[in-house]
Amino acid sequence: MEWTQQQINLRPRSRGFHIITDEVLAALPQLRDCSVGVLHLFIQHTSASLAINEDASPDVRSDLEGHFNILAPEHARHYRHTDEGPDDMPAHIKAVLIGSALTIPIANGGLLLGTWQGIYLCEHRNHGGTRKVVATVMGAMQ
Amino acid sequence: MEWTQQQINLRPRSRGFHIITDEVLAALPQLRDCSVGVLHLFIQHTSASLAINEDASPDVRSDLEGHFNILAPEHARHYRHTDEGPDDMPAHIKAVLIGSALTIPIANGGLLLGTWQGIYLCEHRNHGGTRKVVATVMGAMQ
Amino acid sequence: MEWTQQQINLRPRSRGFHIITDEVLAALPQLRDCSVGVLHLFIQHTSASLAINEDASPDVRSDLEGHFNILAPEHARHYRHTDEGPDDMPAHIKAVLIGSALTIPIANGGLLLGTWQGIYLCEHRNHGGTRKVVATVMGAMQ
């Protein structure tokens, strides 16, 4: 039984939903030695989030961006937190709706994702910059 | 300290919110040997999700289904991902809103759910079929 | 490797989003002995939830309360679960949207929260009373 933990610096993305599965796996070579466990990912920001969804059709990601812009629109008249730009308060709402952490089962050195599942970075700011994710592998090592 | 992990195949449900607490517990007899830990459940699909909410009134579940159909309606004009039917893109949105994983504390061989809490399968497709859930018990065994 | 688990009784809050980081940390002195791990928090209620978001501007919390009241309004005509008051069914919807559990990485005896991140109790009832949270520290102890 071992725990490994590290920070992953995700390269900047434009506003929207982006697949980061390969970028995350490339940063975690020790995952190959884990026979059974759970990967914990935690984004250290309040205006971006992590999700799991379809990694095939790009339309799914653009429709998600379009729909979350309806659920949490810019320039809503009731917002008081507007100093940091019109994309800021919607970003906080989206981050609370989607969440800051993911947990994914590990078996035999790989993630037990479903056939169509990928890991998403949900970038809610227009210019979010590099995003920091803490990755903790918890489980039994081979 | 041990980790156990297995796949649970949930029987098909109709579209809506369904309590699966008993079906999950029946598949995890080893949970009775866990003195302290966490149960991790992960659904390997992008159009169904897992949640925890009230397990008493059936009206709560039907109101949830009704309300999520408002939050993520069929036939929204901005959807581009429409090839797999009108229930498909709303299902992806609901899955991102609700999430693919649950973590529930374990103590003395049982789940530490609150008095009114149950585990939900949230089936977002009209004909979702069998749903696969990976259950990982992490903790200290007696 | 050790697991510690305990119940934290959060003092009653008014309806809205509240920072509880200090109250949670004060209840978990053993966290200082954890060199690497994950803190798991689980709220044992179906009408309150836990989230992570900005802990600086109070306007973020009041805007979140305002916006979730739009996403899950009182007195929606389609609600059937109305016996426990107009704030009850919206509270269940918000709890499903936001979630019952948090997982936060631990390193060197502290939480690896981002610069602006705090732990929120999201109280969705007008008079929710004391809220019970189960805190499980999983990790390697020094």
# chains A, B, ... in the order shown; residues from 1 in each chain; ligands from 1

$ interface_residues --of "chain A" --to "chain B" --cutoff "9 Å" --atoms "only C-alpha atoms" --output "count of residues only"
35

$ select_by_dssp --residues "chain C" --states "strand (DSSP E)" --output "PyMOL selection string"
chain C and resi 2-10+16-19+34-43+48-54+101-107+110-111+117-123+131-141

$ select_by_dssp --residues "stretch 29-123 of chain C" --states "helix (DSSP H, G or I)" --output "PyMOL selection string"
chain C and resi 29-33+58-71+88-98

$ write_last_selection --atoms "N, CA and C atoms" --output "CSV table (one decimal), in the first residue's frame"
chain,number,residue,atom,x,y,z
C,29,PRO,N,-7.8,17.7,14.4
C,29,PRO,CA,-6.4,17.9,14.8
C,29,PRO,C,-5.5,16.8,14.3
C,30,GLN,N,-6.0,15.6,14.1
C,30,GLN,CA,-5.2,14.5,13.6
C,30,GLN,C,-4.7,14.7,12.2
C,31,LEU,N,-5.3,15.6,11.5
C,31,LEU,CA,-4.9,15.8,10.1
C,31,LEU,C,-3.5,16.3,10.0
C,32,ARG,N,-3.0,17.0,11.1
C,32,ARG,CA,-1.7,17.5,11.1
C,32,ARG,C,-0.6,16.4,11.0
C,33,ASP,N,-1.0,15.2,11.4
C,33,ASP,CA,-0.1,14.0,11.4
C,33,ASP,C,-0.1,13.3,10.0
C,58,PRO,N,-17.8,37.9,-0.2
C,58,PRO,CA,-19.1,37.4,0.3
C,58,PRO,C,-20.1,37.5,-0.9
C,59,ASP,N,-19.9,38.4,-1.8
C,59,ASP,CA,-20.9,38.5,-3.0
C,59,ASP,C,-20.9,37.2,-3.8
C,60,VAL,N,-19.9,36.4,-3.8
C,60,VAL,CA,-19.9,35.1,-4.5
C,60,VAL,C,-20.9,34.2,-3.9
C,61,ARG,N,-20.9,34.2,-2.5
C,61,ARG,CA,-21.8,33.3,-1.8
C,61,ARG,C,-23.3,33.8,-2.0
C,62,SER,N,-23.5,35.1,-1.9
C,62,SER,CA,-24.9,35.5,-2.1
C,62,SER,C,-25.4,35.4,-3.5
C,63,ASP,N,-24.5,35.6,-4.5
C,63,ASP,CA,-24.9,35.3,-5.9
C,63,ASP,C,-25.2,33.9,-6.1
C,64,LEU,N,-24.4,33.0,-5.5
C,64,LEU,CA,-24.7,31.5,-5.6
C,64,LEU,C,-26.1,31.2,-5.1
C,65,GLU,N,-26.4,31.8,-3.9
C,65,GLU,CA,-27.7,31.5,-3.3
C,65,GLU,C,-28.8,32.1,-4.3
C,66,GLY,N,-28.6,33.3,-4.8
C,66,GLY,CA,-29.5,33.9,-5.7
C,66,GLY,C,-29.7,33.0,-7.0
C,67,HIS,N,-28.6,32.5,-7.5
C,67,HIS,CA,-28.7,31.8,-8.8
C,67,HIS,C,-29.3,30.4,-8.6
C,68,PHE,N,-28.9,29.7,-7.5
C,68,PHE,CA,-29.5,28.4,-7.3
C,68,PHE,C,-31.0,28.5,-7.0
C,69,ASN,N,-31.5,29.7,-6.5
C,69,ASN,CA,-32.9,29.9,-6.3
C,69,ASN,C,-33.6,30.0,-7.7
C,70,ILE,N,-32.9,30.4,-8.7
C,70,ILE,CA,-33.4,30.5,-10.1
C,70,ILE,C,-33.4,29.1,-10.7
C,71,LEU,N,-32.3,28.4,-10.5
C,71,LEU,CA,-32.2,27.0,-11.1
C,71,LEU,C,-33.2,26.1,-10.5
C,88,ASP,N,-38.6,22.8,0.5
C,88,ASP,CA,-38.1,21.5,0.6
C,88,ASP,C,-37.7,20.8,-0.7
C,89,MET,N,-38.6,20.8,-1.7
C,89,MET,CA,-38.3,20.2,-3.0
C,89,MET,C,-37.1,20.9,-3.7
C,90,PRO,N,-37.1,22.3,-3.7
C,90,PRO,CA,-35.9,22.9,-4.2
C,90,PRO,C,-34.6,22.5,-3.5
C,91,ALA,N,-34.7,22.3,-2.2
C,91,ALA,CA,-33.5,21.8,-1.4
C,91,ALA,C,-33.0,20.5,-1.9
C,92,HIS,N,-33.9,19.5,-2.2
C,92,HIS,CA,-33.5,18.2,-2.7
C,92,HIS,C,-32.8,18.4,-4.1
C,93,ILE,N,-33.4,19.2,-4.9
C,93,ILE,CA,-32.8,19.4,-6.3
C,93,ILE,C,-31.4,20.0,-6.1
C,94,LYS,N,-31.3,21.0,-5.3
C,94,LYS,CA,-29.9,21.7,-5.1
C,94,LYS,C,-28.9,20.7,-4.5
C,95,ALA,N,-29.4,19.8,-3.6
C,95,ALA,CA,-28.5,18.8,-3.0
C,95,ALA,C,-28.0,17.8,-4.1
C,96,VAL,N,-28.9,17.4,-5.0
C,96,VAL,CA,-28.5,16.5,-6.1
C,96,VAL,C,-27.5,17.3,-7.0
C,97,LEU,N,-27.8,18.5,-7.3
C,97,LEU,CA,-26.9,19.3,-8.2
C,97,LEU,C,-25.5,19.5,-7.7
C,98,ILE,N,-25.4,19.8,-6.4
C,98,ILE,CA,-24.2,20.1,-5.8
C,98,ILE,C,-23.4,18.9,-5.2

$ residues_around --residues "C:Arg13" --least-positions-apart "3" --cutoff "8 Å" --atoms "only C-alpha atoms" --output "PyMOL selection string"
chain C and resi 16+18+123+127-130

$ atom_distance --atom1 "atom CA of C:Ala48" --atom2 "atom CA of B:Ala26"
28.0 Å

$ atom_distance --atom1 "atom CA of C:Ile106" --atom2 "atom CA of A:Gln7"
12.3 Å
